[in-house]
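Q: After the structure tokens below, expect a handful of questions from me.
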Number of protein chains: 2
Amino acid sequence: MSSTAGAAPAIKVLPAPPGLPEPLPEPTVEELRLETVLGALSDPLRLTIVRKLLLESEQFDHSCGWFGFDRPKSSLTHHFKALREAGVTRQRQYGLERRSHVRVDDLNACFPGLLDLVAAWAPEA
Amino acid sequence: MSSTAGAAPAIKVLPAPPGLPEPLPEPTVEELRLETVLGALSDPLRLTIVRKLLLESEQFDHSCGWFGFDRPKSSLTHHFKALREAGVTRQRQYGLERRSHVRVDDLNACFPGLLDLVAAWAPEA
DNA sequence: CCTGCAGTACGACTTTAGTCGAACTTAGCA
DNA sequence: TGCTAAGTTCGACTAAAGTCGTACTGCAGG
């Protein structure tokens, strides 16, 4: 408000902040395990989440709401957490929202080709 | 049974038969589902089975015993069945033994690169 | 014929996942 | 200051997986 802050931006910038919030707890690259990752991806809803992030997100993280799933919030929390704890996604807290993106580089380094399979997946043919 | 069936072979041929036994029930190529296959591969023992088949079997099918797992037989049956029903392996009955091999062509066609990940897998680093 | 052996089938038990309602937490905003 | 909205946490329920003992099937060899 006060002019002291300098010109407050008239435009409301979406959070693409200079200093990113810390990621929520997640396995390191060395801790990534194939069987765990495959387990996380063996669920249709989670496959949908990852695929959507891969194909439709243009370099932004996305909040749970962005996906538009018609499920109780607690179910979504469950699945997003499963993906993060398996090391498939990274989550950061932006104010109220918890946004996710796929750890593309890590996964491609550890399991090359895996994400291509997810991207090519067709939900229930 | 009657002797009318002609001369029974004097030499006992190991089963590399001209007419192979029918494969046990399994999904068709069209029925292969990524989430199901990933689920089947999300278990360390099954990953071990598939990897061993990929790396150490030289174009032969292998019976359960060949793997040398120290587990009850009923557990092994369970896992081999899970792999077959997911479409990862094919099983044929040769006399007493039920032998398995990986459906390499089918899997490479549907999920290219997936088997490479399994082959590269290192059991519990 | 009888015994041994490969593997299955069945069933009980335990663990883990998924599903969801309800209460709670917290940032942003008026 | 107090509302609202995004998302979590907790707890209960249910369904599915993994584990394993025991009994069974069916070929093979003495």
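In the structure tokens, each chain is lettered A, B, ... as it comes, each chain's residues begin at 1, and ligands are numbered from 1 in order of appearance.
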With chain B laid on chain A by least squares, using all C-alpha atoms in order, how large is the RMSD?
A: 2.1 Å
Q: Could you please tell me, as an NGL selection string, which residues of chain D have an atom within 12 Å of chain A when using only C-alpha atoms (C1' of nucleotides)?
A: :D and (4-10)
Q: What lies within 10 Å of A:Ala120 using only C-alpha atoms (C1' of nucleotides), ignoring chain neighbours under 3 positions off, as a list in words?
A: Arg51, Leu55, Leu115, Asp116, Leu117 and Pro123 of chain A; Leu34, Cys110 and Phe111 of chain B
Q: Write out as a list of chain:residue names all residues of chain B that backbone DSSP assigns to strand (DSSP E).
A: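 Taking chain B and keeping strand (DSSP E) gives B:His62, B:Ser63, B:Thr89, B:Arg90, B:Gln91, B:Arg92, B:Gln93, B:Tyr94, B:Glu97, B:Arg98, B:Arg99, B:Ser100, B:His101, B:Val102.
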Q: Work out how far apart atom CA of B:Pro21 and atom CA of B:Ala119 are and give it in Å to one decimal.
A: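 About the pair atom CA of B:Pro21 and atom CA of B:Ala119: they are 27.6 Å apart.
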Q: Which polymer residues have any atom within 12 Å of an atom of C:DC13, counting only C-alpha atoms (C1' of nucleotides), with same-chain residues fewer than 6 positions away left out, as a list in words?
A: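 The residues satisfying every condition are DG18, DT19, DC20 and DG21 of chain D.
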Q: Restricting it to C-alpha atoms (C1' of nucleotides), dump the selection as a PDB file, in the first residue's frame.
A:
ATOM      1  C1'  DG D  18       1.102 -61.408  -0.617  1.00  0.00           C
ATOM      2  C1'  DT D  19       2.298 -65.566   2.292  1.00  0.00           C
ATOM      3  C1'  DC D  20       2.107 -70.069   3.348  1.00  0.00           C
ATOM      4  C1'  DG D  21       0.393 -74.860   4.957  1.00  0.00           C
TER       5       DG D  21
END
Q: Please produce, as a tab-separated table, a per-residue contact table for chain B versus chain A (criterion: any atom at most 7 Å away, only C-alpha atoms considered), showing the nearest atom pair and its distance in Å to one decimal, sorted by chain then residue number.
A:
residue	atom	partner	partner_atom	distance
B:Glu35	CA	A:Ser42	CA	4.3
B:Thr36	CA	A:Ser42	CA	6.3
B:Leu38	CA	A:Ser42	CA	5.2
B:Gly39	CA	A:Ser42	CA	4.8
B:Leu41	CA	A:Glu35	CA	6.7
B:Ser42	CA	A:Glu35	CA	4.3
B:Asp43	CA	A:Glu35	CA	5.9
B:Pro44	CA	A:Glu35	CA	6.4
B:Phe111	CA	A:Leu117	CA	6.2
B:Gly113	CA	A:Gly113	CA	5.7
B:Leu114	CA	A:Leu114	CA	6.7
B:Leu117	CA	A:Phe111	CA	6.2
Q: Those selected residues, please, written with C-alpha atoms and delivered as a PDB file, in the first residue's frame.
A:
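The resulting file, part.pdb, is reproduced below:
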ATOM      1  CA  GLU B  35      -1.433 -50.239 -15.594  1.00  0.00           C
ATOM      2  CA  THR B  36      -1.848 -53.988 -15.219  1.00  0.00           C
ATOM      3  CA  LEU B  38       3.167 -52.150 -14.338  1.00  0.00           C
ATOM      4  CA  GLY B  39       1.303 -53.582 -11.392  1.00  0.00           C
ATOM      5  CA  LEU B  41       6.146 -55.621 -12.336  1.00  0.00           C
ATOM      6  CA  SER B  42       5.876 -53.629  -9.133  1.00  0.00           C
ATOM      7  CA  ASP B  43       6.949 -56.568  -7.015  1.00  0.00           C
ATOM      8  CA  PRO B  44      10.621 -57.371  -6.436  1.00  0.00           C
ATOM      9  CA  PHE B 111       5.294 -50.850 -24.427  1.00  0.00           C
ATOM     10  CA  GLY B 113      11.473 -49.822 -23.724  1.00  0.00           C
ATOM     11  CA  LEU B 114       9.740 -51.348 -20.760  1.00  0.00           C
ATOM     12  CA  LEU B 117      14.104 -51.099 -17.762  1.00  0.00           C
TER      13      LEU B 117
END
Q: Name the closest residue to chain C among the candidates B:Glu26, B:Tyr94, B:Asn108, B:Asp70; distances are taken between atoms, counting only C-alpha atoms (C1' of nucleotides).
A: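 Between B:Glu26, B:Tyr94, B:Asn108, B:Asp70, the residue approaching chain C most closely is B:Tyr94.
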Q: Fewer than 6 positions away in the same chain doesn't count, so skip those; otherwise give me all residues within 12 Å of D:DG11, counting only C-alpha atoms (C1' of nucleotides), as number ranges by chain.
A: C: 20-23
Q: Could you build a table of the residues in chain C lying no more than 10 Å from chain A, giving for each the nearest pair of atoms and their separation in Å rounded to one decimal place, using only C-alpha atoms (C1' of nucleotides), ordered by chain and ascending residue number, as a Markdown table?
A:
| residue | atom | partner | partner_atom | distance |
| --- | --- | --- | --- | --- |
| C:DG18 | C1' | A:Ser75 | CA | 8.2 |
| C:DT19 | C1' | A:Ser75 | CA | 6.7 |
| C:DC20 | C1' | A:Pro72 | CA | 6.8 |
| C:DG21 | C1' | A:Pro72 | CA | 9.0 |
| C:DT26 | C1' | A:Leu96 | CA | 7.2 |
| C:DA27 | C1' | A:Leu96 | CA | 5.6 |
| C:DG28 | C1' | A:Gly95 | CA | 8.5 |
Q: Once you have the residues from the selection above, write them out as a short mmCIF file (atom, residue, chain, number, x, y, z; two decimals), in the first residue's frame, restricted to N, CA and C atoms (P, O5', C5', C4', C3', O3' and C1' of nucleotides).
A:
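Output contents, as saved in again.cif:
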data_model
loop_
_atom_site.label_atom_id
_atom_site.label_comp_id
_atom_site.auth_asym_id
_atom_site.auth_seq_id
_atom_site.Cartn_x
_atom_site.Cartn_y
_atom_site.Cartn_z
P DG C 18 -3.16 -47.54 -4.25
"O5'" DG C 18 -4.73 -47.41 -4.05
"C5'" DG C 18 -5.57 -48.22 -4.84
"C4'" DG C 18 -7.01 -48.02 -4.39
"C3'" DG C 18 -7.54 -46.60 -4.57
"O3'" DG C 18 -8.77 -46.67 -5.28
"C1'" DG C 18 -7.96 -47.37 -2.38
P DT C 19 -9.57 -45.37 -5.58
"O5'" DT C 19 -10.53 -45.23 -4.32
"C5'" DT C 19 -11.50 -46.23 -4.07
"C4'" DT C 19 -12.52 -45.70 -3.07
"C3'" DT C 19 -12.83 -44.20 -3.26
"O3'" DT C 19 -14.23 -44.04 -3.36
"C1'" DT C 19 -12.27 -44.67 -1.02
P DC C 20 -14.82 -42.65 -3.81
"O5'" DC C 20 -15.19 -41.98 -2.42
"C5'" DC C 20 -16.04 -42.70 -1.54
"C4'" DC C 20 -15.94 -42.12 -0.15
"C3'" DC C 20 -16.14 -40.60 -0.09
"O3'" DC C 20 -17.43 -40.37 0.45
"C1'" DC C 20 -14.47 -41.41 1.41
P DG C 21 -18.00 -38.89 0.49
"O5'" DG C 21 -18.19 -38.67 2.05
"C5'" DG C 21 -18.81 -39.69 2.83
"C4'" DG C 21 -18.65 -39.38 4.30
"C3'" DG C 21 -18.98 -37.94 4.71
"O3'" DG C 21 -19.61 -37.97 5.98
"C1'" DG C 21 -16.70 -38.42 5.22
P DT C 26 -1.64 -24.24 10.75
"O5'" DT C 26 -1.75 -23.27 9.50
"C5'" DT C 26 -1.52 -23.79 8.20
"C4'" DT C 26 -2.06 -22.84 7.16
"C3'" DT C 26 -1.85 -21.35 7.49
"O3'" DT C 26 -1.38 -20.73 6.33
"C1'" DT C 26 -4.05 -21.72 6.83
P DA C 27 -0.31 -19.53 6.44
"O5'" DA C 27 -0.59 -18.80 5.05
"C5'" DA C 27 -0.52 -19.59 3.87
"C4'" DA C 27 -1.31 -18.92 2.77
"C3'" DA C 27 -1.10 -17.41 2.68
"O3'" DA C 27 -0.98 -17.07 1.31
"C1'" DA C 27 -3.40 -17.89 3.09
P DG C 28 -0.67 -15.61 0.90
"O5'" DG C 28 -2.13 -15.08 0.56
"C5'" DG C 28 -2.85 -15.72 -0.48
"C4'" DG C 28 -4.24 -15.13 -0.55
"C3'" DG C 28 -4.25 -13.59 -0.63
"O3'" DG C 28 -5.14 -13.22 -1.66
"C1'" DG C 28 -5.63 -14.34 1.14
#
Q: Could you pull out the alpha helix (DSSP H) residues of chain A from DSSP and send them as a VMD selection string?
A: chain A and resid 34 to 40 44 to 56 64 to 67 73 to 86 104 to 110 114 to 120
Q: Just how far from atom CA of B:Gly87 is atom CA of B:Val104, in Å to one decimal?
A: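 Atom CA of B:Gly87 lies at a distance of 10.3 Å from atom CA of B:Val104.
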Q: Atom CA of B:Val88 to atom CA of B:Trp66: how many Å, to one decimal?
A: 18.2 Å
